[in-house]
Amino acid sequence: MAYVPGVALLAALAVGCSAGSDGSASDADSKPGGPTVTTAPPGKYRTLPAPCRAVPGSTLKDLLPGVAELPQQQQEKAFRGSPTVTYDTDRKVGCSWKSDAPDSTRNLSIDFERVVSYDPAVSDDDRARTLYAKKETAADLSGVTTPPGPPEKPAGSAAGEETGTGKPSGGEGSAGPSPSASGSTSGTASGTPGAPGGGSEDLRPRVLDGLGDAAFLDDLLTRAGSTAQHRTVSVVFRTSNVIVTVRYGEQPALVTKVPDSKELQDKAQALARKLAEVISE
């Protein structure tokens with residue numbers, strides 16, 4: 001009977017040593033040198049500019065002809081713009097303007113989107129790069145801007161005539177060779193808006209150089225029935241984790257008039273470059 005406590009004590013010590021060995025192995029796994037998870041760096045931009053104040057007044061006067069002729073109070077209201085309704089102004093903001101002149105109506109809108117990745121393994125920049133790529137793919141830059149031509153014909157007309165989408169349908173007879181997916185094909189088809197007579201300047205939807213980290217331009221000419229044609233030029237660019245979209249459109253008062261593609265493209269690109277500077281300030 002005197003040996004029973006001793007046996008119990010030895011058993012307890014054995015159990016204690018076994019537990020201690022397991023604890024040491026667990027501690028070793030948590031020591032420096034073990035596998036670690038690297039958190040992706042945050043994006044460069046943490047805030048967004050005030051969109052309705054991002055466009056200089058002189059630029060607005062150029063983009064919105066007819067507003068300068070309005071009474072002072074109406075001018076101020078028109079140039080003030082209308083903020084886009086959003087639910088998170090830290091992530092997405094926008095503003096739009098409109099002008100009605102005797103010969104045409106102009107529309108302008110800008111949108112800023114600050115991309116945030118909630119995946120610690122994916123950086124804000126990488127997430128923004130993915131979202132931008134989706135926008136570029138959706139723009140279908142392989143299309144060609146619709147050249148000015150006669151009014152729409154009934155279904156069954158020759159392929160390549162205006163489809164109402166601003167880009168001609170594919171197949172034989174389409175206007176000019178299709179550019180590559182990157183939009184780098186040089187030259188343009190004869191009759192392309194802004195380049196009458198087969199000018200050398202390419203005004204088709206395309207990738208743009210020297211604007212942010214990546215940029216593209218889209219050009220859509222639409223017309224419903226016998227109403228006037230409406231052209232919208234969109235410039236989308238990404239700089240770090242911010243994606244900016246500029247849309248500039250015109251609808252002439254006359255049904256027979258086609259909006260000038262080159263003018264709208266030049267002005268939309270110029271504004272996009274100003275906004276890239278505003279973001280970087």
# chains A, B, ... in the order shown; residues from 1 in each chain; ligands from 1

$ residues_around --residues "Ser96 of chain A" --least-positions-apart "5" --cutoff "7 Å" --atoms "only C-alpha atoms" --output "list in words"
Gly81, Ser82, Pro83, Leu108, Ser109 and Ile110 of chain A

$ write_last_selection --atoms "C-alpha atoms" --output "CSV table (one decimal), in the first residue's frame"
chain,number,residue,atom,x,y,z
A,81,GLY,CA,-23.5,70.8,-62.3
A,82,SER,CA,-25.6,68.1,-60.8
A,83,PRO,CA,-23.9,65.7,-58.3
A,108,LEU,CA,-21.0,66.1,-70.0
A,109,SER,CA,-20.5,63.7,-67.1
A,110,ILE,CA,-17.5,62.6,-65.1

$ residues_around --residues "Trp97 of chain A" --least-positions-apart "4" --cutoff "12 Å" --atoms "only C-alpha atoms" --output "compact mmCIF listing (two decimals) with N, CA and C atoms, in the first residue's frame"
# COMPACT_ATOMS: atom_id res chain seq x y z
N PRO A 51 -16.19 66.22 -57.51
CA PRO A 51 -16.37 66.14 -58.97
C PRO A 51 -16.93 67.40 -59.61
N CYS A 52 -17.89 68.05 -58.97
CA CYS A 52 -18.51 69.23 -59.58
C CYS A 52 -17.59 70.45 -59.57
N ARG A 53 -16.48 70.35 -58.83
CA ARG A 53 -15.50 71.44 -58.82
C ARG A 53 -14.20 71.04 -59.51
N VAL A 55 -13.75 70.40 -62.75
CA VAL A 55 -13.60 70.93 -64.11
C VAL A 55 -13.52 72.45 -64.04
N LEU A 60 -15.51 74.36 -68.88
CA LEU A 60 -16.95 74.16 -68.98
C LEU A 60 -17.57 75.06 -70.04
N LYS A 61 -17.10 76.30 -70.12
CA LYS A 61 -17.63 77.22 -71.14
C LYS A 61 -17.36 76.70 -72.54
N LEU A 63 -16.92 73.44 -73.32
CA LEU A 63 -17.62 72.18 -73.53
C LEU A 63 -19.14 72.35 -73.60
N LEU A 64 -19.64 73.45 -73.07
CA LEU A 64 -21.09 73.66 -73.01
C LEU A 64 -21.48 74.96 -73.72
N PRO A 65 -21.39 74.97 -75.05
CA PRO A 65 -21.73 76.18 -75.80
C PRO A 65 -23.19 76.56 -75.59
N VAL A 67 -24.29 78.19 -72.86
CA VAL A 67 -24.50 78.56 -71.46
C VAL A 67 -24.04 79.98 -71.20
N GLN A 75 -26.53 80.85 -65.72
CA GLN A 75 -25.18 80.39 -66.02
C GLN A 75 -24.58 79.68 -64.80
N GLU A 76 -24.69 80.31 -63.65
CA GLU A 76 -24.11 79.75 -62.43
C GLU A 76 -24.72 78.39 -62.12
N LYS A 77 -26.02 78.26 -62.33
CA LYS A 77 -26.68 76.98 -62.07
C LYS A 77 -26.21 75.92 -63.05
N ALA A 78 -26.08 76.29 -64.32
CA ALA A 78 -25.65 75.33 -65.34
C ALA A 78 -24.21 74.87 -65.11
N PHE A 79 -23.34 75.81 -64.76
CA PHE A 79 -21.93 75.47 -64.54
C PHE A 79 -21.71 74.75 -63.21
N ARG A 80 -22.67 74.87 -62.30
CA ARG A 80 -22.53 74.21 -60.99
C ARG A 80 -22.60 72.70 -61.14
N GLY A 81 -23.39 72.23 -62.09
CA GLY A 81 -23.51 70.80 -62.32
C GLY A 81 -24.44 70.12 -61.33
N SER A 82 -24.73 68.86 -61.61
CA SER A 82 -25.61 68.05 -60.75
C SER A 82 -24.83 66.86 -60.21
N PRO A 83 -24.62 66.79 -58.90
CA PRO A 83 -23.87 65.65 -58.34
C PRO A 83 -24.59 64.33 -58.58
N THR A 84 -23.80 63.31 -58.84
CA THR A 84 -24.36 61.96 -59.00
C THR A 84 -24.72 61.40 -57.63
N THR A 105 -27.59 70.11 -78.50
CA THR A 105 -27.58 69.88 -77.05
C THR A 105 -26.31 69.12 -76.70
N ARG A 106 -25.62 69.59 -75.66
CA ARG A 106 -24.39 68.92 -75.22
C ARG A 106 -24.60 68.35 -73.82
N ASN A 107 -24.02 67.18 -73.59
CA ASN A 107 -24.07 66.53 -72.28
C ASN A 107 -22.65 66.17 -71.85
N LEU A 108 -22.35 66.40 -70.59
CA LEU A 108 -21.04 66.07 -70.04
C LEU A 108 -21.22 65.43 -68.67
N SER A 109 -20.49 64.35 -68.44
CA SER A 109 -20.50 63.73 -67.11
C SER A 109 -19.12 63.17 -66.80
N ILE A 110 -18.76 63.19 -65.52
CA ILE A 110 -17.50 62.62 -65.07
C ILE A 110 -17.78 61.75 -63.84
N VAL A 246 -15.02 59.79 -68.38
CA VAL A 246 -15.51 61.05 -68.94
C VAL A 246 -16.44 60.71 -70.10
N ARG A 247 -17.65 61.25 -70.08
CA ARG A 247 -18.58 61.07 -71.20
C ARG A 247 -19.01 62.44 -71.71
N TYR A 248 -18.83 62.63 -73.02
CA TYR A 248 -19.15 63.91 -73.64
C TYR A 248 -19.96 63.63 -74.89
N GLY A 249 -21.17 64.19 -74.94
CA GLY A 249 -22.05 63.88 -76.06
C GLY A 249 -22.70 65.10 -76.68

$ atom_distance --atom1 "atom CA of Ala40 of chain A" --atom2 "atom CA of Arg127 of chain A"
10.9 Å

$ residues_around --residues "Lys44 of chain A" --least-positions-apart "4" --cutoff "10 Å" --atoms "only C-alpha atoms" --output "VMD selection string"
chain A and resid 114 124 to 125 239 to 242 280
